[in-house]
Amino acid sequence: MFSEYLFFIISIAAIYSALMVLISKKPIHSVLYLTLCFFAIAGHYILLNAQFLAVVHIIVYAGAIMVLFLFTVMLLNLNIENDFKKPRLIKFAAVISGSIFFLLMIAVLKSYDIAIVQNPALTQIGLVKNLGNVLFKDYLLPFEITSILFLAAMVGAVMIGKKDIY
């Protein structure tokens, strides 16, 4: 019962922050709302018992990509007040297509039946411990080959970026 309330709270936060990304006039505020939306999506992953996916989502999206967005916004100085007028036809088309999408989502979700997972083994799929067991038992050779490829790529990037001192 608590997880249902938590789901609705996180969903409201995700929808609100996604709308604020679109509505915000300042690019920095949009980027910060997008970061909040990413954290809300990671909360949904945790509710789905996929902790590894939630952590990777926070590290990759909320961490690395959002830092790049912030640097891009700061370097381009997008806070200059430029008021671009959009034609009424484009605004009208956006409202119509958004309304059609909203009605479609209502129709799809109306026919959806929520089923509770009865098999307890299926609720343990997204745990980091189980992922590690599969990764290091069944896929050890591909994992090690991938780590060697990443190491070679890092050494290559350092060699390319290194200035010649001779």
# chains A, B, ... in the order shown; residues from 1 in each chain; ligands from 1
>>> select_by_dssp(residues="region 28-70 of chain A", states="alpha helix (DSSP H)", output="ChimeraX atom specification")
/A:28-47,51-57,66-70
>>> residues_around(residues="Val56 (chain A)", least_positions_apart="3", cutoff="12 Å", atoms="only C-alpha atoms", output="JSON, numbers by chain")
{"A": [38, 39, 41, 42, 45, 46, 50, 51, 52, 53, 59, 60, 61, 62, 63, 64, 128]}
>>> write_last_selection(atoms="all heavy atoms", output="compact mmCIF listing (two decimals), in the first residue's frame")
# COMPACT_ATOMS: atom_id res chain seq x y z
N PHE A 38 14.84 13.21 -14.04
CA PHE A 38 15.68 12.01 -14.08
C PHE A 38 15.72 11.30 -12.73
O PHE A 38 15.69 10.07 -12.65
CB PHE A 38 17.10 12.36 -14.52
CG PHE A 38 17.25 12.61 -15.99
CD1 PHE A 38 18.25 13.43 -16.47
CD2 PHE A 38 16.38 12.05 -16.91
CE1 PHE A 38 18.40 13.66 -17.81
CE2 PHE A 38 16.51 12.28 -18.25
CZ PHE A 38 17.53 13.09 -18.70
N PHE A 39 15.77 12.07 -11.64
CA PHE A 39 15.75 11.45 -10.31
C PHE A 39 14.41 10.78 -10.03
O PHE A 39 14.36 9.72 -9.40
CB PHE A 39 16.07 12.49 -9.23
CG PHE A 39 17.54 12.72 -9.05
CD1 PHE A 39 18.12 13.90 -9.48
CD2 PHE A 39 18.34 11.77 -8.46
CE1 PHE A 39 19.48 14.12 -9.32
CE2 PHE A 39 19.70 11.97 -8.29
CZ PHE A 39 20.26 13.15 -8.73
N ILE A 41 12.47 9.42 -12.29
CA ILE A 41 12.47 8.18 -13.08
C ILE A 41 13.32 7.12 -12.38
O ILE A 41 12.96 5.93 -12.36
CB ILE A 41 12.95 8.46 -14.50
CG1 ILE A 41 11.91 9.30 -15.23
CG2 ILE A 41 13.21 7.16 -15.27
CD1 ILE A 41 12.36 9.82 -16.57
N ALA A 42 14.44 7.53 -11.78
CA ALA A 42 15.26 6.58 -11.02
C ALA A 42 14.48 6.05 -9.82
O ALA A 42 14.62 4.87 -9.45
CB ALA A 42 16.55 7.24 -10.56
N TYR A 45 12.46 3.23 -11.03
CA TYR A 45 13.27 2.02 -11.18
C TYR A 45 13.44 1.32 -9.83
O TYR A 45 13.41 0.09 -9.75
CB TYR A 45 14.64 2.34 -11.77
CG TYR A 45 14.62 2.69 -13.23
CD1 TYR A 45 15.45 3.68 -13.73
CD2 TYR A 45 13.78 2.04 -14.13
CE1 TYR A 45 15.45 4.01 -15.06
CE2 TYR A 45 13.77 2.36 -15.46
CZ TYR A 45 14.60 3.34 -15.92
OH TYR A 45 14.60 3.67 -17.24
N ILE A 46 13.63 2.09 -8.78
CA ILE A 46 13.78 1.48 -7.45
C ILE A 46 12.48 0.80 -7.04
O ILE A 46 12.50 -0.28 -6.46
CB ILE A 46 14.22 2.54 -6.44
CG1 ILE A 46 15.66 2.94 -6.72
CG2 ILE A 46 14.08 2.03 -5.01
CD1 ILE A 46 16.17 4.10 -5.90
N ALA A 50 14.69 -2.57 -9.45
CA ALA A 50 15.82 -2.58 -10.38
C ALA A 50 16.84 -1.55 -9.88
O ALA A 50 17.01 -0.49 -10.48
CB ALA A 50 15.36 -2.27 -11.79
N GLN A 51 17.51 -1.87 -8.79
CA GLN A 51 18.42 -0.92 -8.16
C GLN A 51 19.61 -0.59 -9.06
O GLN A 51 20.04 0.56 -9.11
CB GLN A 51 18.93 -1.46 -6.82
CG GLN A 51 17.90 -1.50 -5.74
CD GLN A 51 17.14 -2.81 -5.70
OE1 GLN A 51 17.37 -3.70 -6.50
NE2 GLN A 51 16.22 -2.91 -4.77
N PHE A 52 20.12 -1.59 -9.75
CA PHE A 52 21.28 -1.34 -10.62
C PHE A 52 20.92 -0.35 -11.72
O PHE A 52 21.67 0.58 -12.01
CB PHE A 52 21.76 -2.66 -11.23
CG PHE A 52 22.91 -2.49 -12.19
CD1 PHE A 52 24.18 -2.22 -11.70
CD2 PHE A 52 22.72 -2.59 -13.54
CE1 PHE A 52 25.24 -2.05 -12.57
CE2 PHE A 52 23.77 -2.41 -14.42
CZ PHE A 52 25.04 -2.15 -13.93
N LEU A 53 19.76 -0.53 -12.32
CA LEU A 53 19.32 0.37 -13.38
C LEU A 53 19.10 1.78 -12.83
O LEU A 53 19.42 2.77 -13.50
CB LEU A 53 18.03 -0.16 -14.01
CG LEU A 53 17.60 0.45 -15.32
CD1 LEU A 53 18.69 0.34 -16.36
CD2 LEU A 53 16.34 -0.24 -15.81
N ILE A 59 23.80 7.97 -12.44
CA ILE A 59 25.18 8.28 -12.78
C ILE A 59 25.30 8.80 -14.20
O ILE A 59 25.94 9.82 -14.46
CB ILE A 59 26.08 7.04 -12.58
CG1 ILE A 59 26.22 6.73 -11.10
CG2 ILE A 59 27.46 7.26 -13.20
CD1 ILE A 59 26.89 5.41 -10.82
N VAL A 60 24.65 8.12 -15.14
CA VAL A 60 24.81 8.48 -16.55
C VAL A 60 24.01 9.73 -16.90
O VAL A 60 24.54 10.69 -17.44
CB VAL A 60 24.42 7.30 -17.46
CG1 VAL A 60 24.37 7.73 -18.91
CG2 VAL A 60 25.40 6.16 -17.28
N TYR A 61 22.72 9.73 -16.60
CA TYR A 61 21.88 10.84 -17.04
C TYR A 61 21.95 12.03 -16.10
O TYR A 61 22.28 13.14 -16.53
CB TYR A 61 20.43 10.39 -17.20
CG TYR A 61 20.25 9.51 -18.40
CD1 TYR A 61 19.97 8.16 -18.26
CD2 TYR A 61 20.36 10.02 -19.67
CE1 TYR A 61 19.82 7.35 -19.35
CE2 TYR A 61 20.21 9.22 -20.78
CZ TYR A 61 19.94 7.88 -20.62
OH TYR A 61 19.79 7.08 -21.71
N ALA A 62 21.62 11.84 -14.84
CA ALA A 62 21.58 12.96 -13.92
C ALA A 62 22.99 13.46 -13.62
O ALA A 62 23.17 14.63 -13.27
CB ALA A 62 20.87 12.57 -12.63
N GLY A 63 23.98 12.62 -13.78
CA GLY A 63 25.34 13.04 -13.51
C GLY A 63 26.02 13.59 -14.74
O GLY A 63 26.16 14.81 -14.91
N ALA A 64 26.41 12.72 -15.62
CA ALA A 64 27.27 13.12 -16.74
C ALA A 64 26.56 13.98 -17.78
O ALA A 64 27.05 15.05 -18.15
CB ALA A 64 27.82 11.85 -17.40
N VAL A 128 21.32 -6.01 -7.70
CA VAL A 128 22.72 -5.96 -8.12
C VAL A 128 23.42 -7.28 -7.84
O VAL A 128 24.25 -7.73 -8.62
CB VAL A 128 23.43 -4.79 -7.38
CG1 VAL A 128 24.89 -4.73 -7.74
CG2 VAL A 128 22.75 -3.48 -7.71
>>> residues_around(residues="Val31 (chain A)", least_positions_apart="3", cutoff="8 Å", atoms="only C-alpha atoms", output="ChimeraX atom specification")
/A:21,27-28,34-35,66,69-70
>>> write_last_selection(atoms="N, CA and C atoms", output="CSV table (one decimal), in the first residue's frame")
chain,number,residue,atom,x,y,z
A,21,VAL,N,10.1,21.7,-17.5
A,21,VAL,CA,11.2,21.7,-18.5
A,21,VAL,C,10.7,22.5,-19.8
A,27,PRO,N,16.8,28.7,-19.6
A,27,PRO,CA,17.4,27.4,-19.9
A,27,PRO,C,18.0,26.7,-18.7
A,28,ILE,N,18.6,27.4,-17.8
A,28,ILE,CA,19.1,26.8,-16.5
A,28,ILE,C,18.1,26.1,-15.7
A,34,LEU,N,14.9,19.1,-15.6
A,34,LEU,CA,15.2,17.8,-16.2
A,34,LEU,C,15.9,16.9,-15.3
A,35,THR,N,16.9,17.5,-14.5
A,35,THR,CA,17.6,16.6,-13.5
A,35,THR,C,16.6,16.1,-12.5
A,66,MET,N,23.7,15.7,-17.7
A,66,MET,CA,23.2,17.0,-17.2
A,66,MET,C,24.4,18.0,-16.9
A,69,PHE,N,25.0,19.4,-20.3
A,69,PHE,CA,23.9,20.4,-20.6
A,69,PHE,C,24.2,21.7,-19.9
A,70,LEU,N,24.6,21.6,-18.6
A,70,LEU,CA,24.8,22.9,-17.8
A,70,LEU,C,26.0,23.6,-18.4
